[in-house]
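A short worksheet on the structure shown next.
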Amino acid sequence: MIDVSYPSISILGSTGSVGQQAIDVAIQKGIRVNCISAYRNVDLVEHQARALCVSACAMADRDAAKELKRRLFGTNIDVYAGINGICEMATQKYSNREVVLNAIIGASGLRPTLAVLGAGKKLALANKESLVCAGEFVMQLAEGKKAQILPVDSEHCAIFQCLRAGKKEEVKRLLLTASGGPFYGMTREQLGDVTPEKALAHPTWNMGAKITVDSATLMNKGFEVIEAVHLFGIAPEQIEVLIHRESIMHSAVEYIDNSVIAQMSVPDMRHCVQYALTHPVRAEGVVEPLDFTKLASMTFAKPDTDTFVLLELAKEAIRRGGAYPAILNAANEVAVAAFLDKKLSFTGIFDVVTDTFEAMSDARRIWSVDDIFAFDGAARSLANEFLEKRSSYC
């Protein structure tokens, strides 16, 4: 049964980890799902579309869109094709109160983010690359259109909640937590024989392959530092990353009186998704409550940035500004894909990303989003050149 007290939603990236968890939240809370999109998983999208009785679907892959349209022939479900089709679908008005969840993976999620904000819609943002690659443009557009961005990442959702305890000028630091991934405590030498299978065995979270590898390299945490700078308008120097293996404290805000306000819950992304989809209402939870009596301990440590060098590289990218964060993301997408395809070693990710980042010049001054995409393409080409120079992963 649909609960009309909540806004209806559209889910971009409905077949991914966050997208599927969003569907679970929607079903449990009675939230109407207007639209869904995916890359090319026709079987799952068809199932979701029929089960949720959506108004429209979109597939980034045009051949997949043709097949989906054939399968949904005779229904009242519209089918859109390509990234432009996703943007068009996401900007349609299906109800008076709508939230669009962007859970698309990678830089391909940027154009839908801009489209949704350009239409003045509320955006639940799980696509971190939108802010990493074009944070200034995204935030300026949101402000100009008076469109709200609700963070879905567990860390930024936590900070968003903690900031309700004080004024912006009272904030001293943001404490961004990280699980440390499956290789916490290992040296560069010990990481030499890491396989994709080992990297995908995250100790806490159930995520997609790309973000799981990023968590293992700490690149994900670097991206989250960049996100936080844009989302909360705070300097990189005011953000501290803490390794918190238990993943109970999802992040915290330290105020100028040295009070620390933290958000804690069991590690389940459905909590963050629900908060974004039902905001400003704090609804009854779909995840289990946190039982403090069952916690053996809560530990905190500084990250090993000598071994996991990409975290510091991300901080350098946001300090340089311009297109450097987009360059960092593009090189990382290329390197991680090669690692998952067993064409690059785990530590090779560090090298390819660093080499690409340092080889790019004159990227500080950008005038438009098109400049971002131009640097993105150049960085991908350069990263692939560095890949070709390296020996194959065995």
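Chain lettering (A, B, ...) mirrors the order of the structure tokens, residue numbering begins at 1 for each chain separately, and ligand numbering begins at 1 in order of display.
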
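DSSP on the backbone gives strand (DSSP E) for these parts of segment 25-144 of chain A: Val33, Asn34, Cys35, Ile36, Ser37, Ala38, Ala56, Cys57, Ala58, Met59, Asp78, Val79, Tyr80, Ala81, Glu98, Val99, Val100, Leu101, Asn102, Lys122, Leu123, Ala124 and Leu125 of chain A.
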
Set the distance at 6 Å and use only C-alpha atoms: which residues neighbour segment 57-60 of chain A once local chain neighbours fewer than 5 positions away are removed? I'd like the list as JSON, numbers by chain. {"A": [35, 36, 37, 38, 39, 65, 79, 80, 81, 82, 83, 86]}

Within 9 Å of Lys210 of chain A using only C-alpha atoms, minus same-chain residues under 6 positions, as number ranges by chain: A: 105-106, 200, 333, 336-337, 340

Taking a cut-off of 9 Å and counting only C-alpha atoms, can you build a table that, for each residue of segment 205-292 of chain A near segment 318-322 of chain A, reports the nearest atom pair and how far apart they are in Å (one decimal), sorted by chain then residue number, as a Markdown table?
```
| residue | atom | partner | partner_atom | distance |
| --- | --- | --- | --- | --- |
| A:Val225 | CA | A:Ile318 | CA | 8.5 |
| A:Ile226 | CA | A:Ile318 | CA | 6.1 |
| A:Val229 | CA | A:Ile318 | CA | 8.3 |
| A:Pro236 | CA | A:Arg319 | CA | 7.4 |
```

Pick from A:Lys198, A:His47, A:Arg62, A:Arg111: nearest to Ile372 of chain A, with only C-alpha atoms counted? A:Arg111

Return the single residue from A:Cys53, A:Ile256, A:Ile327, A:Ile104 that is closest to Thr15 of chain A, with distances computed using only C-alpha atoms. A:Ile104

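By only C-alpha atoms, and with residues fewer than 5 positions from Gln148 of chain A along its chain excluded, the set lying at most 12 Å from it is Glu98, Val99, Val100, Thr113, Val116, Leu117, Gly118, Ala119, Gly120, Lys121, Lys122, Leu123, Ala124, Leu125, Val138, Met139, Gln140, Leu141, Ala142, Glu143, Leu231, Ala276, His279 and Pro280 of chain A.
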
Generate the output file for the selected residues, N, CA and C atoms, as a compact mmCIF listing (two decimals), in the first residue's frame.
```txt
# COMPACT_ATOMS: atom_id res chain seq x y z
N GLU A 98 8.41 14.85 -5.29
CA GLU A 98 9.26 13.80 -5.84
C GLU A 98 10.69 13.91 -5.33
N VAL A 99 11.34 12.77 -5.21
CA VAL A 99 12.77 12.71 -4.94
C VAL A 99 13.38 11.79 -5.99
N VAL A 100 14.49 12.22 -6.58
CA VAL A 100 15.21 11.36 -7.51
C VAL A 100 16.47 10.86 -6.83
N THR A 113 22.59 14.01 -12.69
CA THR A 113 22.57 14.90 -11.53
C THR A 113 22.26 16.32 -11.95
N VAL A 116 18.55 16.65 -13.09
CA VAL A 116 17.59 16.65 -11.98
C VAL A 116 17.60 17.98 -11.26
N LEU A 117 18.78 18.49 -10.95
CA LEU A 117 18.88 19.77 -10.25
C LEU A 117 18.39 20.91 -11.14
N GLY A 118 18.69 20.81 -12.44
CA GLY A 118 18.22 21.83 -13.38
C GLY A 118 16.71 21.91 -13.44
N ALA A 119 16.05 20.79 -13.18
CA ALA A 119 14.59 20.75 -13.15
C ALA A 119 14.03 21.18 -11.80
N GLY A 120 14.92 21.50 -10.86
CA GLY A 120 14.48 21.95 -9.54
C GLY A 120 13.99 20.85 -8.63
N LYS A 121 14.33 19.60 -8.96
CA LYS A 121 13.87 18.48 -8.14
C LYS A 121 14.81 18.21 -6.97
N LYS A 122 14.26 17.61 -5.93
CA LYS A 122 15.08 17.17 -4.80
C LYS A 122 15.88 15.95 -5.22
N LEU A 123 17.18 15.97 -4.90
CA LEU A 123 18.08 14.91 -5.33
C LEU A 123 18.66 14.17 -4.14
N ALA A 124 18.43 12.87 -4.08
CA ALA A 124 19.11 11.99 -3.11
C ALA A 124 20.34 11.45 -3.84
N LEU A 125 21.52 11.88 -3.40
CA LEU A 125 22.72 11.64 -4.19
C LEU A 125 23.58 10.53 -3.61
N VAL A 138 27.82 21.63 -9.61
CA VAL A 138 26.65 20.97 -9.04
C VAL A 138 26.05 21.81 -7.91
N MET A 139 26.89 22.28 -7.01
CA MET A 139 26.38 23.05 -5.88
C MET A 139 25.83 24.42 -6.32
N GLN A 140 26.47 25.04 -7.30
CA GLN A 140 25.96 26.31 -7.82
C GLN A 140 24.60 26.14 -8.48
N LEU A 141 24.45 25.04 -9.22
CA LEU A 141 23.17 24.77 -9.87
C LEU A 141 22.08 24.51 -8.84
N ALA A 142 22.39 23.73 -7.82
CA ALA A 142 21.41 23.44 -6.77
C ALA A 142 20.97 24.72 -6.07
N GLU A 143 21.94 25.59 -5.79
CA GLU A 143 21.60 26.86 -5.12
C GLU A 143 20.75 27.74 -6.03
N LEU A 231 29.74 19.54 -0.35
CA LEU A 231 28.42 19.42 0.27
C LEU A 231 28.24 20.37 1.45
N ALA A 276 17.22 9.71 3.44
CA ALA A 276 17.15 10.62 2.30
C ALA A 276 15.77 10.60 1.65
N HIS A 279 13.09 12.20 4.23
CA HIS A 279 13.42 13.51 4.78
C HIS A 279 12.39 14.56 4.34
N PRO A 280 11.96 15.47 5.22
CA PRO A 280 12.47 15.75 6.57
C PRO A 280 11.88 14.88 7.68
```

Identify, on the basis of only C-alpha atoms, every residue whose closest approach to Ser247 of chain A does not exceed 12 Å; exclude the query and any residue fewer than 5 positions from it along the same chain; express the result as a PyMOL selection string. chain A and resi 154-155+158+176-181+202-205+242+263-269+290+295+297-300

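Between atom CA of Asn84 of chain A and atom CA of Ala64 of chain A there is a distance of 14.7 Å.
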
Find the residue from A:Phe292, A:Phe339, A:Tyr324, A:Phe73 that sits nearest to Phe375 of chain A; use only C-alpha atoms when measuring. A:Tyr324

Could you pull out the residues in segment 61-173 of chain A that DSSP calls alpha helix (DSSP H) from the backbone, as an mmCIF file with N, CA and C atoms, in the first residue's frame?
```
data_model
loop_
_atom_site.group_PDB
_atom_site.id
_atom_site.type_symbol
_atom_site.label_atom_id
_atom_site.label_comp_id
_atom_site.auth_asym_id
_atom_site.auth_seq_id
_atom_site.Cartn_x
_atom_site.Cartn_y
_atom_site.Cartn_z
ATOM 1 N N ARG A 62 21.513 1.392 -25.522
ATOM 2 C CA ARG A 62 20.379 1.538 -26.432
ATOM 3 C C ARG A 62 19.821 0.202 -26.918
ATOM 4 N N ASP A 63 20.687 -0.784 -27.110
ATOM 5 C CA ASP A 63 20.190 -2.105 -27.500
ATOM 6 C C ASP A 63 19.355 -2.719 -26.387
ATOM 7 N N ALA A 64 19.804 -2.509 -25.155
ATOM 8 C CA ALA A 64 19.029 -3.007 -24.011
ATOM 9 C C ALA A 64 17.678 -2.306 -23.929
ATOM 10 N N ALA A 65 17.656 -1.016 -24.251
ATOM 11 C CA ALA A 65 16.394 -0.270 -24.234
ATOM 12 C C ALA A 65 15.416 -0.823 -25.265
ATOM 13 N N LYS A 66 15.923 -1.169 -26.448
ATOM 14 C CA LYS A 66 15.058 -1.752 -27.486
ATOM 15 C C LYS A 66 14.457 -3.070 -27.020
ATOM 16 N N GLU A 67 15.294 -3.898 -26.384
ATOM 17 C CA GLU A 67 14.802 -5.192 -25.897
ATOM 18 C C GLU A 67 13.778 -5.000 -24.787
ATOM 19 N N LEU A 68 14.050 -4.054 -23.887
ATOM 20 C CA LEU A 68 13.105 -3.807 -22.796
ATOM 21 C C LEU A 68 11.775 -3.281 -23.342
ATOM 22 N N LYS A 69 11.841 -2.422 -24.330
ATOM 23 C CA LYS A 69 10.612 -1.886 -24.926
ATOM 24 C C LYS A 69 9.802 -3.006 -25.559
ATOM 25 N N ARG A 70 10.487 -3.956 -26.189
ATOM 26 C CA ARG A 70 9.787 -5.100 -26.780
ATOM 27 C C ARG A 70 9.083 -5.916 -25.705
ATOM 28 N N ARG A 71 9.775 -6.152 -24.601
ATOM 29 C CA ARG A 71 9.208 -6.978 -23.530
ATOM 30 C C ARG A 71 8.042 -6.283 -22.820
ATOM 31 N N GLY A 82 19.464 5.530 -23.688
ATOM 32 C CA GLY A 82 20.676 6.326 -23.628
ATOM 33 C C GLY A 82 20.727 7.235 -22.416
ATOM 34 N N ILE A 83 21.889 7.879 -22.214
ATOM 35 C CA ILE A 83 22.047 8.767 -21.070
ATOM 36 C C ILE A 83 21.133 9.979 -21.191
ATOM 37 N N ASN A 84 20.896 10.445 -22.419
ATOM 38 C CA ASN A 84 19.961 11.555 -22.618
ATOM 39 C C ASN A 84 18.539 11.133 -22.272
ATOM 40 N N GLY A 85 18.220 9.883 -22.566
ATOM 41 C CA GLY A 85 16.907 9.365 -22.200
ATOM 42 C C GLY A 85 16.725 9.291 -20.696
ATOM 43 N N ILE A 86 17.785 8.886 -20.000
ATOM 44 C CA ILE A 86 17.728 8.850 -18.533
ATOM 45 C C ILE A 86 17.485 10.248 -17.987
ATOM 46 N N CYS A 87 18.200 11.225 -18.532
ATOM 47 C CA CYS A 87 18.030 12.609 -18.090
ATOM 48 C C CYS A 87 16.607 13.104 -18.372
ATOM 49 N N GLU A 88 16.099 12.782 -19.550
ATOM 50 C CA GLU A 88 14.738 13.215 -19.902
ATOM 51 C C GLU A 88 13.715 12.592 -18.963
ATOM 52 N N MET A 89 13.841 11.304 -18.717
ATOM 53 C CA MET A 89 12.910 10.619 -17.825
ATOM 54 C C MET A 89 12.961 11.217 -16.421
ATOM 55 N N ALA A 90 14.186 11.472 -15.933
ATOM 56 C CA ALA A 90 14.362 11.938 -14.558
ATOM 57 C C ALA A 90 13.805 13.333 -14.331
ATOM 58 N N THR A 91 13.620 14.100 -15.404
ATOM 59 C CA THR A 91 13.120 15.464 -15.252
ATOM 60 C C THR A 91 11.619 15.570 -15.454
ATOM 61 N N LEU A 110 26.988 12.026 -13.712
ATOM 62 C CA LEU A 110 27.027 13.490 -13.593
ATOM 63 C C LEU A 110 25.911 14.162 -14.380
ATOM 64 N N ARG A 111 25.715 13.777 -15.637
ATOM 65 C CA ARG A 111 24.693 14.444 -16.448
ATOM 66 C C ARG A 111 23.294 14.286 -15.842
ATOM 67 N N PRO A 112 22.894 13.102 -15.368
ATOM 68 C CA PRO A 112 21.590 13.013 -14.697
ATOM 69 C C PRO A 112 21.490 13.893 -13.452
ATOM 70 N N THR A 113 22.587 14.008 -12.688
ATOM 71 C CA THR A 113 22.573 14.897 -11.526
ATOM 72 C C THR A 113 22.263 16.323 -11.948
ATOM 73 N N LEU A 114 22.942 16.799 -12.983
ATOM 74 C CA LEU A 114 22.726 18.158 -13.468
ATOM 75 C C LEU A 114 21.306 18.325 -14.008
ATOM 76 N N ALA A 115 20.801 17.298 -14.668
ATOM 77 C CA ALA A 115 19.443 17.374 -15.225
ATOM 78 C C ALA A 115 18.400 17.472 -14.119
ATOM 79 N N VAL A 116 18.551 16.655 -13.094
ATOM 80 C CA VAL A 116 17.586 16.648 -11.983
ATOM 81 C C VAL A 116 17.596 17.984 -11.260
ATOM 82 N N LEU A 117 18.780 18.485 -10.945
ATOM 83 C CA LEU A 117 18.880 19.768 -10.253
ATOM 84 C C LEU A 117 18.390 20.906 -11.143
ATOM 85 N N GLY A 118 18.685 20.810 -12.443
ATOM 86 C CA GLY A 118 18.217 21.829 -13.376
ATOM 87 C C GLY A 118 16.710 21.910 -13.442
ATOM 88 N N GLU A 129 30.618 10.603 -7.801
ATOM 89 C CA GLU A 129 31.400 11.199 -8.873
ATOM 90 C C GLU A 129 30.836 12.543 -9.335
ATOM 91 N N SER A 130 29.532 12.764 -9.131
ATOM 92 C CA SER A 130 28.946 14.055 -9.497
ATOM 93 C C SER A 130 29.636 15.193 -8.765
ATOM 94 N N LEU A 131 29.886 14.995 -7.472
ATOM 95 C CA LEU A 131 30.535 16.029 -6.671
ATOM 96 C C LEU A 131 32.049 15.990 -6.810
ATOM 97 N N VAL A 132 32.598 14.791 -6.976
ATOM 98 C CA VAL A 132 34.048 14.683 -7.148
ATOM 99 C C VAL A 132 34.474 15.391 -8.431
ATOM 100 N N CYS A 133 33.769 15.144 -9.511
ATOM 101 C CA CYS A 133 34.171 15.674 -10.815
ATOM 102 C C CYS A 133 33.765 17.127 -11.017
ATOM 103 N N ALA A 134 32.602 17.503 -10.525
ATOM 104 C CA ALA A 134 32.065 18.834 -10.845
ATOM 105 C C ALA A 134 31.342 19.441 -9.657
ATOM 106 N N GLY A 135 31.945 19.346 -8.492
ATOM 107 C CA GLY A 135 31.290 19.789 -7.270
ATOM 108 C C GLY A 135 30.848 21.240 -7.288
ATOM 109 N N GLU A 136 31.700 22.128 -7.790
ATOM 110 C CA GLU A 136 31.346 23.549 -7.804
ATOM 111 C C GLU A 136 30.138 23.796 -8.705
ATOM 112 N N PHE A 137 30.133 23.187 -9.874
ATOM 113 C CA PHE A 137 29.015 23.379 -10.797
ATOM 114 C C PHE A 137 27.721 22.799 -10.219
ATOM 115 N N VAL A 138 27.824 21.631 -9.610
ATOM 116 C CA VAL A 138 26.648 20.970 -9.037
ATOM 117 C C VAL A 138 26.051 21.814 -7.914
ATOM 118 N N MET A 139 26.885 22.284 -7.011
ATOM 119 C CA MET A 139 26.382 23.055 -5.880
ATOM 120 C C MET A 139 25.832 24.417 -6.317
ATOM 121 N N GLN A 140 26.472 25.043 -7.300
ATOM 122 C CA GLN A 140 25.962 26.314 -7.818
ATOM 123 C C GLN A 140 24.602 26.137 -8.476
ATOM 124 N N LEU A 141 24.448 25.042 -9.221
ATOM 125 C CA LEU A 141 23.165 24.773 -9.873
ATOM 126 C C LEU A 141 22.077 24.514 -8.841
ATOM 127 N N ALA A 142 22.393 23.731 -7.821
ATOM 128 C CA ALA A 142 21.414 23.443 -6.768
ATOM 129 C C ALA A 142 20.969 24.724 -6.074
ATOM 130 N N GLU A 143 21.937 25.593 -5.787
ATOM 131 C CA GLU A 143 21.605 26.856 -5.123
ATOM 132 C C GLU A 143 20.755 27.739 -6.031
ATOM 133 N N GLY A 144 21.130 27.813 -7.295
ATOM 134 C CA GLY A 144 20.399 28.661 -8.222
ATOM 135 C C GLY A 144 18.966 28.194 -8.444
ATOM 136 N N LYS A 145 18.771 26.879 -8.459
ATOM 137 C CA LYS A 145 17.440 26.313 -8.689
ATOM 138 C C LYS A 145 16.688 26.043 -7.380
ATOM 139 N N SER A 154 26.871 6.796 3.586
ATOM 140 C CA SER A 154 26.651 6.685 5.026
ATOM 141 C C SER A 154 27.370 7.783 5.794
ATOM 142 N N GLU A 155 28.593 8.132 5.354
ATOM 143 C CA GLU A 155 29.367 9.146 6.067
ATOM 144 C C GLU A 155 28.751 10.535 5.924
ATOM 145 N N HIS A 156 28.330 10.884 4.717
ATOM 146 C CA HIS A 156 27.784 12.221 4.503
ATOM 147 C C HIS A 156 26.366 12.337 5.036
ATOM 148 N N CYS A 157 25.631 11.253 4.985
ATOM 149 C CA CYS A 157 24.320 11.230 5.628
ATOM 150 C C CYS A 157 24.475 11.451 7.132
ATOM 151 N N ALA A 158 25.505 10.827 7.722
ATOM 152 C CA ALA A 158 25.765 10.996 9.154
ATOM 153 C C ALA A 158 26.109 12.445 9.475
ATOM 154 N N ILE A 159 27.012 13.035 8.694
ATOM 155 C CA ILE A 159 27.405 14.426 8.930
ATOM 156 C C ILE A 159 26.208 15.352 8.743
ATOM 157 N N PHE A 160 25.412 15.100 7.723
ATOM 158 C CA PHE A 160 24.212 15.892 7.467
ATOM 159 C C PHE A 160 23.302 15.904 8.693
ATOM 160 N N GLN A 161 23.161 14.750 9.324
ATOM 161 C CA GLN A 161 22.333 14.676 10.529
ATOM 162 C C GLN A 161 22.997 15.391 11.706
ATOM 163 N N CYS A 162 24.311 15.199 11.859
ATOM 164 C CA CYS A 162 25.027 15.801 12.986
ATOM 165 C C CYS A 162 25.065 17.327 12.903
#
```

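Closest approach to Ser259 of chain A from the set A:Pro289, A:Thr212, A:Val171, A:Pro182 is made by A:Val171, with distances taken over only C-alpha atoms.
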
Which residues, written as an NGL selection string, have at least one atom at most 9 Å from Asn332 of chain A, with only C-alpha atoms counted and residues fewer than 5 positions away on the same chain left out? :A and (214 or 219 or 327 or 337 or 349-350 or 352-353 or 380 or 383)

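Distance check against Ile11 of chain A using only C-alpha atoms: of A:Ala126, A:Asp61, A:Leu44, A:Ile234, the minimum falls on A:Ala126.
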
Pick from A:Val18, A:Lys93, A:Met186, A:Leu313: nearest to Met207 of chain A, with only C-alpha atoms counted? A:Val18
